[in-house]
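Okay, target-v6.cif is below, mmCIF, C-alpha atoms:
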data_protein
#
loop_
_atom_site.label_atom_id
_atom_site.label_comp_id
_atom_site.auth_asym_id
_atom_site.auth_seq_id
_atom_site.Cartn_x
_atom_site.Cartn_y
_atom_site.Cartn_z
CA MET A 356 -94.79 50.17 110.10
CA THR A 357 -95.83 51.22 113.59
CA ALA A 358 -96.29 55.00 113.50
CA THR A 359 -98.29 57.53 111.53
CA THR A 360 -97.86 60.65 113.70
CA TYR A 361 -94.42 62.10 114.44
CA LEU A 362 -94.35 65.10 116.79
CA TYR A 363 -91.33 67.41 116.71
CA VAL A 364 -90.06 68.89 119.98
CA PRO A 365 -87.18 71.42 120.20
CA GLY A 366 -84.19 69.78 121.82
CA ASP A 367 -83.49 72.75 124.07
CA MET A 368 -86.94 72.64 125.71
CA PRO A 369 -86.78 69.62 128.06
CA GLN A 370 -89.93 70.80 129.82
CA ARG A 371 -91.85 69.74 126.71
CA PHE A 372 -90.34 66.26 126.30
CA GLY A 373 -92.66 64.49 128.72
CA LYS A 374 -95.70 66.39 127.44
CA ALA A 375 -94.91 65.26 123.91
CA LEU A 376 -94.68 61.66 125.08
CA ARG A 377 -98.17 61.97 126.58
CA SER A 378 -99.66 63.93 123.65
CA GLY A 379 -101.14 60.92 121.88
CA THR A 380 -98.52 60.84 119.15
CA ASP A 381 -97.07 57.59 117.87
CA ALA A 382 -93.54 58.99 117.81
CA VAL A 383 -91.63 61.88 119.36
CA VAL A 384 -88.88 63.55 117.33
CA LEU A 385 -86.42 65.46 119.50
CA ASP A 386 -84.88 68.10 117.26
CA LEU A 387 -81.26 69.13 117.61
CA GLU A 388 -81.13 70.84 114.21
CA ASP A 389 -83.37 73.65 112.94
CA ALA A 390 -85.32 74.17 116.17
CA VAL A 391 -82.16 74.96 118.17
CA VAL A 392 -80.03 78.07 117.72
CA ALA A 393 -76.27 77.57 117.39
CA ALA A 394 -75.50 78.91 120.87
CA ARG A 395 -77.68 76.24 122.51
CA LYS A 396 -76.67 73.17 120.50
CA ASP A 397 -74.47 71.68 123.24
CA GLU A 398 -77.11 72.30 125.89
CA ALA A 399 -79.77 70.69 123.72
CA ARG A 400 -77.60 67.64 123.01
CA THR A 401 -77.06 67.09 126.73
CA SER A 402 -80.74 67.54 127.58
CA VAL A 403 -81.90 65.15 124.89
CA ALA A 404 -79.27 62.52 125.68
CA GLU A 405 -80.10 62.52 129.40
CA TRP A 406 -83.84 62.35 128.82
CA VAL A 407 -83.70 59.58 126.20
CA ALA A 408 -81.48 57.51 128.50
CA ARG A 409 -83.77 57.69 131.52
CA CYS A 410 -87.31 58.02 130.15
CA ASP A 411 -89.89 55.27 129.77
CA PRO A 412 -91.20 55.50 126.19
CA ASP A 413 -94.07 53.11 126.98
CA GLY A 414 -94.42 52.06 123.35
CA ILE A 415 -93.91 55.51 121.83
CA GLU A 416 -91.12 55.71 119.26
CA LEU A 417 -88.25 58.06 120.11
CA TRP A 418 -86.35 59.64 117.22
CA VAL A 419 -83.69 62.35 117.28
CA ARG A 420 -83.03 64.67 114.37
CA VAL A 421 -79.33 65.41 114.52
CA ASN A 422 -77.27 68.19 112.97
CA PRO A 423 -75.44 67.90 109.67
CA GLY A 424 -71.69 68.40 109.37
CA ASP A 425 -68.92 68.07 111.91
CA VAL A 426 -71.13 67.71 115.01
CA GLN A 427 -73.31 64.94 113.61
CA ALA A 428 -71.19 62.10 114.96
CA ARG A 429 -71.17 63.71 118.40
CA ASP A 430 -74.97 64.04 118.31
CA ILE A 431 -75.46 60.39 117.37
CA ARG A 432 -73.04 59.08 119.99
CA ALA A 433 -74.69 61.17 122.69
CA VAL A 434 -78.22 59.84 122.14
CA ALA A 435 -77.50 56.24 121.10
CA GLY A 436 -79.04 53.90 123.66
CA PRO A 437 -81.71 51.25 124.26
CA ASN A 438 -84.64 53.72 124.28
CA LEU A 439 -83.71 55.26 120.93
CA THR A 440 -85.85 54.19 117.97
CA GLY A 441 -83.59 55.92 115.51
CA ILE A 442 -81.92 58.95 113.99
CA TRP A 443 -83.27 61.44 111.46
CA LEU A 444 -80.41 62.58 109.22
CA PRO A 445 -80.90 66.01 107.61
CA LYS A 446 -79.77 67.12 104.15
CA VAL A 447 -78.68 63.66 103.02
CA GLU A 448 -77.07 63.60 99.58
CA SER A 449 -75.38 60.21 99.42
CA VAL A 450 -75.34 56.67 100.74
CA ARG A 451 -72.03 57.38 102.45
CA GLU A 452 -73.72 59.58 105.07
CA LEU A 453 -75.95 56.71 106.13
CA GLU A 454 -73.04 54.30 106.12
CA VAL A 455 -71.18 56.59 108.54
CA ALA A 456 -74.23 56.84 110.81
CA ASP A 457 -74.68 53.07 110.66
CA ARG A 458 -71.07 52.54 111.71
CA ILE A 459 -71.39 54.94 114.65
CA LEU A 460 -74.56 53.26 115.90
CA THR A 461 -72.86 49.87 115.63
CA GLU A 462 -69.87 51.13 117.64
CA CYS A 463 -72.29 52.42 120.30
CA GLY A 464 -74.06 49.06 120.52
CA ALA A 465 -77.34 50.53 119.24
CA ASP A 466 -78.04 47.52 117.05
CA ASP A 467 -81.81 48.10 116.86
CA ALA A 468 -81.69 51.80 116.03
CA ARG A 469 -82.92 52.75 112.58
CA LEU A 470 -82.30 55.70 110.27
CA SER A 471 -84.44 58.08 108.28
CA ALA A 472 -82.93 60.28 105.57
CA LEU A 473 -84.30 63.75 104.82
CA VAL A 474 -83.95 64.71 101.18
CA GLU A 475 -83.53 68.50 101.12
CA THR A 476 -81.39 69.30 98.06
CA ALA A 477 -81.44 68.64 94.34
CA THR A 478 -78.42 66.36 94.75
CA GLY A 479 -80.18 64.35 97.41
CA LEU A 480 -83.34 64.10 95.34
CA MET A 481 -81.49 62.71 92.33
CA ALA A 482 -79.67 60.23 94.60
CA ALA A 483 -82.90 59.09 96.32
CA PRO A 484 -83.00 55.63 94.65
CA ASP A 485 -79.52 54.82 95.97
CA ILE A 486 -80.12 56.40 99.37
CA ALA A 487 -83.27 54.28 99.75
CA ARG A 488 -81.13 51.12 99.73
CA SER A 489 -78.85 52.30 102.55
CA PRO A 490 -78.18 50.30 105.73
CA ARG A 491 -80.63 50.67 108.61
CA LEU A 492 -82.90 52.97 106.57
CA ARG A 493 -86.54 52.67 107.59
CA PHE A 494 -88.08 55.46 105.50
CA LEU A 495 -87.29 58.55 103.47
CA GLN A 496 -88.59 62.08 103.99
CA ILE A 497 -88.45 65.40 102.17
CA GLY A 498 -87.40 68.65 103.80
CA GLU A 499 -89.72 70.60 101.55
CA VAL A 500 -88.82 74.16 102.55
CA ASP A 501 -85.09 73.53 102.10
CA LEU A 502 -85.66 71.62 98.88
CA ALA A 503 -87.79 74.39 97.40
CA ALA A 504 -85.09 76.93 98.24
CA ASP A 505 -82.40 74.76 96.67
CA LEU A 506 -84.46 74.24 93.51
CA GLY A 507 -85.49 77.89 93.30
CA ILE A 508 -89.19 77.08 93.09
CA GLU A 509 -92.13 78.92 94.62
CA VAL A 510 -94.64 76.58 96.23
CA ASP A 511 -98.28 77.68 96.27
CA ASP A 512 -101.23 76.17 98.14
CA SER A 513 -101.60 73.38 95.59
CA ALA A 514 -97.95 72.31 96.12
CA GLU A 515 -97.96 71.02 92.54
CA GLN A 516 -94.40 72.31 92.24
CA LEU A 517 -93.33 69.51 94.60
CA LEU A 518 -95.12 66.71 92.78
CA PHE A 519 -91.99 65.39 91.06
CA ALA A 520 -89.98 65.35 94.28
CA ARG A 521 -92.76 63.68 96.25
CA SER A 522 -93.37 61.04 93.61
CA ARG A 523 -89.65 60.36 93.28
CA VAL A 524 -89.18 59.51 96.97
CA VAL A 525 -92.35 57.39 96.97
CA THR A 526 -91.10 55.48 93.93
CA ALA A 527 -87.58 55.12 95.34
CA SER A 528 -89.00 53.73 98.59
CA ALA A 529 -91.20 51.19 96.84
CA ALA A 530 -88.35 50.07 94.58
CA ALA A 531 -86.06 49.57 97.58
CA GLY A 532 -88.70 47.68 99.55
CA ILE A 533 -88.63 50.04 102.54
CA GLU A 534 -91.55 51.71 104.30
CA PRO A 535 -93.35 54.49 102.41
CA PRO A 536 -92.02 57.99 103.14
CA VAL A 537 -93.32 60.13 105.96
CA ALA A 538 -94.78 63.44 104.78
CA ALA A 539 -93.14 66.74 105.67
CA VAL A 540 -94.35 69.17 108.31
CA SER A 541 -96.80 71.96 107.63
CA VAL A 542 -96.60 75.20 109.59
CA ASN A 543 -100.39 75.44 109.33
CA PHE A 544 -101.83 74.34 112.67
CA THR A 545 -104.67 76.86 112.90
CA ASP A 546 -106.61 75.89 109.76
CA LEU A 547 -106.98 72.20 110.54
CA PRO A 548 -109.47 71.41 107.72
CA ALA A 549 -106.94 72.73 105.19
CA PHE A 550 -104.16 70.79 106.90
CA GLU A 551 -106.23 67.61 106.83
CA ALA A 552 -107.07 68.06 103.15
CA ASP A 553 -103.38 68.54 102.36
CA THR A 554 -102.50 65.43 104.35
CA ARG A 555 -105.14 63.46 102.44
CA ARG A 556 -103.53 64.48 99.14
CA LEU A 557 -100.17 63.26 100.45
CA ARG A 558 -101.68 59.92 101.43
CA ARG A 559 -103.06 59.49 97.91
CA LEU A 560 -99.55 60.17 96.57
CA GLY A 561 -98.19 57.25 98.60
CA PHE A 562 -97.00 58.78 101.87
CA ALA A 563 -97.70 56.98 105.13
CA GLY A 564 -97.81 59.25 108.16
CA ARG A 565 -96.75 62.84 108.68
CA ALA A 566 -94.42 64.89 110.84
CA CYS A 567 -96.18 67.48 113.01
CA ILE A 568 -95.03 70.60 114.79
CA HIS A 569 -98.06 70.98 117.08
CA PRO A 570 -100.21 68.48 119.01
CA LYS A 571 -103.31 70.00 117.38
CA GLN A 572 -102.26 68.39 114.10
CA LEU A 573 -102.06 64.85 115.43
CA GLN A 574 -105.74 63.92 115.21
CA SER A 575 -106.00 65.20 111.64
CA VAL A 576 -103.07 63.04 110.57
CA ARG A 577 -104.39 59.99 112.38
CA SER A 578 -107.85 60.36 110.87
CA VAL A 579 -106.38 60.54 107.37
CA PHE A 580 -104.17 57.48 107.71
CA THR A 581 -106.60 55.33 109.68
CA PRO A 582 -108.97 53.47 107.33
CA THR A 583 -112.68 54.02 107.86
CA ALA A 584 -115.06 51.17 108.59
CA GLU A 585 -116.28 51.47 104.99
CA GLU A 586 -112.73 51.19 103.60
CA ILE A 587 -112.02 48.17 105.81
CA GLY A 588 -115.23 46.48 104.74
CA ARG A 589 -114.49 47.10 101.07
CA ALA A 590 -110.96 45.69 101.45
CA GLU A 591 -112.25 42.58 103.21
CA GLU A 592 -114.84 42.06 100.48
CA VAL A 593 -112.20 42.35 97.76
CA LEU A 594 -110.04 39.67 99.38
CA SER A 595 -113.03 37.41 100.04
CA ARG A 596 -114.30 37.61 96.47
CA LEU A 597 -110.86 37.00 95.01
CA ALA A 598 -110.31 34.01 97.31
CA SER A 599 -113.58 32.45 96.19
CA ALA A 600 -113.01 33.13 92.48
CA THR A 601 -112.51 30.11 90.25
CA SER A 602 -109.72 31.84 88.30
CA GLY A 603 -107.02 34.42 89.03
CA VAL A 604 -109.55 37.25 88.87
CA GLY A 605 -112.82 37.99 90.60
CA VAL A 606 -115.62 40.52 90.37
CA ASP A 607 -116.66 42.93 93.10
CA ALA A 608 -120.20 44.03 93.99
CA HIS A 609 -120.05 46.79 91.39
CA GLY A 610 -119.01 44.50 88.56
CA HIS A 611 -115.37 45.61 88.58
CA LEU A 612 -112.59 43.09 88.05
CA ILE A 613 -110.42 42.12 91.02
CA ASP A 614 -106.92 40.79 90.51
CA GLU A 615 -103.78 40.46 92.63
CA ALA A 616 -102.87 44.13 92.19
CA VAL A 617 -106.25 45.16 93.61
CA ALA A 618 -105.78 42.63 96.41
CA ARG A 619 -102.41 44.16 97.33
CA SER A 620 -104.06 47.54 97.83
CA ALA A 621 -106.75 45.89 99.97
CA ARG A 622 -104.13 44.20 102.14
CA ARG A 623 -102.41 47.55 102.61
CA VAL A 624 -105.66 49.05 103.89
CA LEU A 625 -106.07 46.23 106.41
CA ALA A 626 -102.46 46.55 107.49
CA ARG A 627 -103.02 50.25 108.19
CA ALA A 628 -106.14 49.40 110.17
CA ARG A 629 -104.15 47.03 112.36
#

Would you mind writing the file's structure down as structure tokens?
Amino acid sequence: MTATTYLYVPGDMPQRFGKALRSGTDAVVLDLEDAVVAARKDEARTSVAEWVARCDPDGIELWVRVNPGDVQARDIRAVAGPNLTGIWLPKVESVRELEVADRILTECGADDARLSALVETATGLMAAPDIARSPRLRFLQIGEVDLAADLGIEVDDSAEQLLFARSRVVTASAAAGIEPPVAAVSVNFTDLPAFEADTRRLRRLGFAGRACIHPKQLQSVRSVFTPTAEEIGRAEEVLSRLASATSGVGVDAHGHLIDEAVARSARRVLARAR
């Protein structure tokens, strides 16, 4: 996994593309879907396709969120190219949608491009374990506003109403052996302490990284998903003590048992640090 911050940019605002690339984000997500009104979809597709083809990403991932429905194939074909990291597919409800996208990318010669599926309906949520095993899929996401509307639930500040959905995509991802899901956007970019606390809860649930709608959110996300020096030191100690143990278990400095399951968590911390 190479990114933790994903910054959305409206596809019909090319003046912001370069700024997003220089914002400090790990990945730029050029949005052809919700951020663009119907009358400007064609204009946005052209702007995004031209910019992706000629820009120098300089190590920043470039993703494009395409539209659902009849224009999706046209969107994918337009942006497929060597600079494209991958496609974000909205409102995915079945493996077939990813198979179609996979075929289009193959036809375009975009062999390295990956896919991410946004689960935004009850049908998609129940199909998440199958979707997670789709071709080219790198990670799952939840479109939480759309999902809440489809389920008829009212989400409060605790977001406990989304716990089942969030845990389901985390579990489906782990079972399929793909990267952990990327957390959904929050429209809150003025109260950064609250945003950071919410992001920390999502990390504890098993998410790795978060989509952002404003550059102000990037540092909060990065601070949450970057292990502290204390966490790194603790992880290194766990692995060292287990390696020097005379049996399959060790004991940490606090007298707690260390086994392979604890070691796996420690390795994950060090992987995030790298």

Please tabulate, as a tab-separated table, the residues of range 494-592 of chain A that come within 12 Å of range 382-387 of chain A, each with its closest pair of atoms and the distance in Å to one decimal, counting all atoms listed in the file and ordering rows by chain, then residue number upward.
residue	atom	partner	partner_atom	distance
A:Val537	CA	A:Ala382	CA	11.9
A:Val540	CA	A:Val384	CA	12.0
A:Gly564	CA	A:Ala382	CA	10.6
A:Arg565	CA	A:Ala382	CA	10.4
A:Ala566	CA	A:Val384	CA	8.6
A:Cys567	CA	A:Val384	CA	9.3
A:Ile568	CA	A:Val384	CA	9.7
A:His569	CA	A:Val383	CA	11.4
A:Pro570	CA	A:Val383	CA	10.8
A:Leu573	CA	A:Ala382	CA	10.6

For the selection just defined, write its residues with C-alpha atoms to a file, as an mmCIF file, in the coordinates of the input.
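The result, stored in result_26.cif:
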data_model
loop_
_atom_site.group_PDB
_atom_site.id
_atom_site.type_symbol
_atom_site.label_atom_id
_atom_site.label_comp_id
_atom_site.auth_asym_id
_atom_site.auth_seq_id
_atom_site.Cartn_x
_atom_site.Cartn_y
_atom_site.Cartn_z
ATOM 1 C CA VAL A 537 -93.320 60.130 105.960
ATOM 2 C CA VAL A 540 -94.350 69.170 108.310
ATOM 3 C CA GLY A 564 -97.810 59.250 108.160
ATOM 4 C CA ARG A 565 -96.750 62.840 108.680
ATOM 5 C CA ALA A 566 -94.420 64.890 110.840
ATOM 6 C CA CYS A 567 -96.180 67.480 113.010
ATOM 7 C CA ILE A 568 -95.030 70.600 114.790
ATOM 8 C CA HIS A 569 -98.060 70.980 117.080
ATOM 9 C CA PRO A 570 -100.210 68.480 119.010
ATOM 10 C CA LEU A 573 -102.060 64.850 115.430
#

Give me the residues near Asp457 in chain A as JSON, numbers by chain, where near means some atom within 12 Å (using all atoms listed in the file) and where sequence neighbours in that chain fewer than 2 positions away do not count.
{"A": [428, 431, 432, 435, 441, 442, 444, 450, 451, 452, 453, 454, 455, 459, 460, 461, 462, 463, 464, 465, 466, 467, 468, 469, 470, 471, 489, 490, 491, 492]}

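Here CA of His609 in chain A is placed at a distance of 27.4 Å from CA of Leu557 in chain A.
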
Range 508-522 of chain A environment, 12 Å, only C-alpha atoms, sequence neighbours closer than 3 positions dropped, as a PDB file with C-alpha atoms, in the coordinates of the input:
ATOM      1  CA  VAL A 474     -83.950  64.710 101.180  1.00  0.00           C
ATOM      2  CA  GLU A 475     -83.530  68.500 101.120  1.00  0.00           C
ATOM      3  CA  THR A 476     -81.390  69.300  98.060  1.00  0.00           C
ATOM      4  CA  ALA A 477     -81.440  68.640  94.340  1.00  0.00           C
ATOM      5  CA  THR A 478     -78.420  66.360  94.750  1.00  0.00           C
ATOM      6  CA  GLY A 479     -80.180  64.350  97.410  1.00  0.00           C
ATOM      7  CA  LEU A 480     -83.340  64.100  95.340  1.00  0.00           C
ATOM      8  CA  MET A 481     -81.490  62.710  92.330  1.00  0.00           C
ATOM      9  CA  ALA A 482     -79.670  60.230  94.600  1.00  0.00           C
ATOM     10  CA  ALA A 483     -82.900  59.090  96.320  1.00  0.00           C
ATOM     11  CA  PRO A 484     -83.000  55.630  94.650  1.00  0.00           C
ATOM     12  CA  LEU A 495     -87.290  58.550 103.470  1.00  0.00           C
ATOM     13  CA  GLN A 496     -88.590  62.080 103.990  1.00  0.00           C
ATOM     14  CA  ILE A 497     -88.450  65.400 102.170  1.00  0.00           C
ATOM     15  CA  GLY A 498     -87.400  68.650 103.800  1.00  0.00           C
ATOM     16  CA  GLU A 499     -89.720  70.600 101.550  1.00  0.00           C
ATOM     17  CA  VAL A 500     -88.820  74.160 102.550  1.00  0.00           C
ATOM     18  CA  ASP A 501     -85.090  73.530 102.100  1.00  0.00           C
ATOM     19  CA  LEU A 502     -85.660  71.620  98.880  1.00  0.00           C
ATOM     20  CA  ALA A 503     -87.790  74.390  97.400  1.00  0.00           C
ATOM     21  CA  ALA A 504     -85.090  76.930  98.240  1.00  0.00           C
ATOM     22  CA  ASP A 505     -82.400  74.760  96.670  1.00  0.00           C
ATOM     23  CA  VAL A 525     -92.350  57.390  96.970  1.00  0.00           C
ATOM     24  CA  THR A 526     -91.100  55.480  93.930  1.00  0.00           C
ATOM     25  CA  ALA A 527     -87.580  55.120  95.340  1.00  0.00           C
ATOM     26  CA  SER A 528     -89.000  53.730  98.590  1.00  0.00           C
ATOM     27  CA  ALA A 529     -91.200  51.190  96.840  1.00  0.00           C
ATOM     28  CA  PRO A 535     -93.350  54.490 102.410  1.00  0.00           C
ATOM     29  CA  PRO A 536     -92.020  57.990 103.140  1.00  0.00           C
ATOM     30  CA  VAL A 537     -93.320  60.130 105.960  1.00  0.00           C
ATOM     31  CA  ALA A 538     -94.780  63.440 104.780  1.00  0.00           C
ATOM     32  CA  ALA A 539     -93.140  66.740 105.670  1.00  0.00           C
ATOM     33  CA  SER A 541     -96.800  71.960 107.630  1.00  0.00           C
ATOM     34  CA  ASN A 543    -100.390  75.440 109.330  1.00  0.00           C
ATOM     35  CA  ALA A 549    -106.940  72.730 105.190  1.00  0.00           C
ATOM     36  CA  PHE A 550    -104.160  70.790 106.900  1.00  0.00           C
ATOM     37  CA  ALA A 552    -107.070  68.060 103.150  1.00  0.00           C
ATOM     38  CA  ASP A 553    -103.380  68.540 102.360  1.00  0.00           C
ATOM     39  CA  THR A 554    -102.500  65.430 104.350  1.00  0.00           C
ATOM     40  CA  ARG A 556    -103.530  64.480  99.140  1.00  0.00           C
ATOM     41  CA  LEU A 557    -100.170  63.260 100.450  1.00  0.00           C
ATOM     42  CA  ARG A 558    -101.680  59.920 101.430  1.00  0.00           C
ATOM     43  CA  ARG A 559    -103.060  59.490  97.910  1.00  0.00           C
ATOM     44  CA  LEU A 560     -99.550  60.170  96.570  1.00  0.00           C
ATOM     45  CA  GLY A 561     -98.190  57.250  98.600  1.00  0.00           C
ATOM     46  CA  PHE A 562     -97.000  58.780 101.870  1.00  0.00           C
TER      47      PHE A 562
END

Find the residues near Ala404 in chain A: any atom within 12 Å, counting only C-alpha atoms, skip ones fewer than 6 places away on the same chain, and give them as a list in words.
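Within the cut-off, the hits are Gly366, Asp367, Pro369, Phe372, Leu385, Asp386, Leu387, Asp397, Glu398, Cys410, Leu417, Trp418, Val419, Val421, Arg429, Asp430, Ile431, Arg432, Ala433, Val434, Ala435, Gly436, Pro437, Asn438 and Leu439 of chain A.
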
CA of Val542 in chain A to CA of Ser449 in chain A, straight-line distance in Å
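Distance reported for this atom pair: 27.9 Å.
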
So, with all atoms listed in the file as the atoms that count, which of A:Ala390, A:Val403, A:Ala590, A:Leu612 lies closest to Ala626 in chain A?
A:Ala590

Kindly resolve the PyMOL selection byres ((chain A and resi 595-604) around 12) on the present coordinates and return the residues as a ChimeraX atom specification.
/A:588-594,605-619,621-622

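Using all atoms listed in the file for every distance, the candidate list A:Gly379, A:Gly532, A:Gly507, A:Gly373 yields A:Gly379 as the residue closest to Arg577 in chain A.
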
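Shortest atom-to-atom contact with Asp389 in chain A among A:Lys446, A:Thr359, A:Gly414, A:Arg409: A:Lys446, counting all atoms listed in the file.
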
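Rounded to one decimal, CA of Ser620 in chain A and CA of Gln574 in chain A lie 23.9 Å from each other.
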
With only C-alpha atoms as the atoms that count, which of A:Val576, A:Glu585, A:Lys571, A:Thr360 lies nearest to Phe544 in chain A?
A:Lys571

Carefully work through the PyMOL selection byres ((chain A and resi 423) around 8) for this structure and note down the residues it includes, as a PyMOL selection string.
chain A and resi 388+421-422+424-427+444-446

Return as AutoDock Vina command-line options the box centre and box size in Å, one decimal, for an axis-aligned box around all listed atoms of range 428-439 of chain A padded by 8 Å per side.
--center_x -77.9 --center_y 57.6 --center_z 119.6 --size_x 29.5 --size_y 28.8 --size_z 25.3

Residue nearest Val391 in chain A - candidates A:Trp406, A:Tyr363, A:Asp411, A:Ala375, atoms counted: only C-alpha atoms
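Using only C-alpha atoms, the shortest distance to Val391 in chain A belongs to A:Tyr363.
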
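Comparing the minimum interatomic distances between Glu448 in chain A and each of A:Ala487, A:Ile587, A:Leu376, A:Ile415, counting all atoms listed in the file, we find that A:Ala487 sits nearest.
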
List the residues selected by the PyMOL selection byres ((chain A and resi 629) around 12) in the file shown, writing them as a list in words.
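When the PyMOL selection byres ((chain A and resi 629) around 12) is applied to the shown file, the picked residues are Met356, Thr357, Ala358, Phe580, Thr581, Pro582, Thr583, Ile587, Arg622, Arg623, Val624, Leu625, Ala626, Arg627 and Ala628 of chain A.
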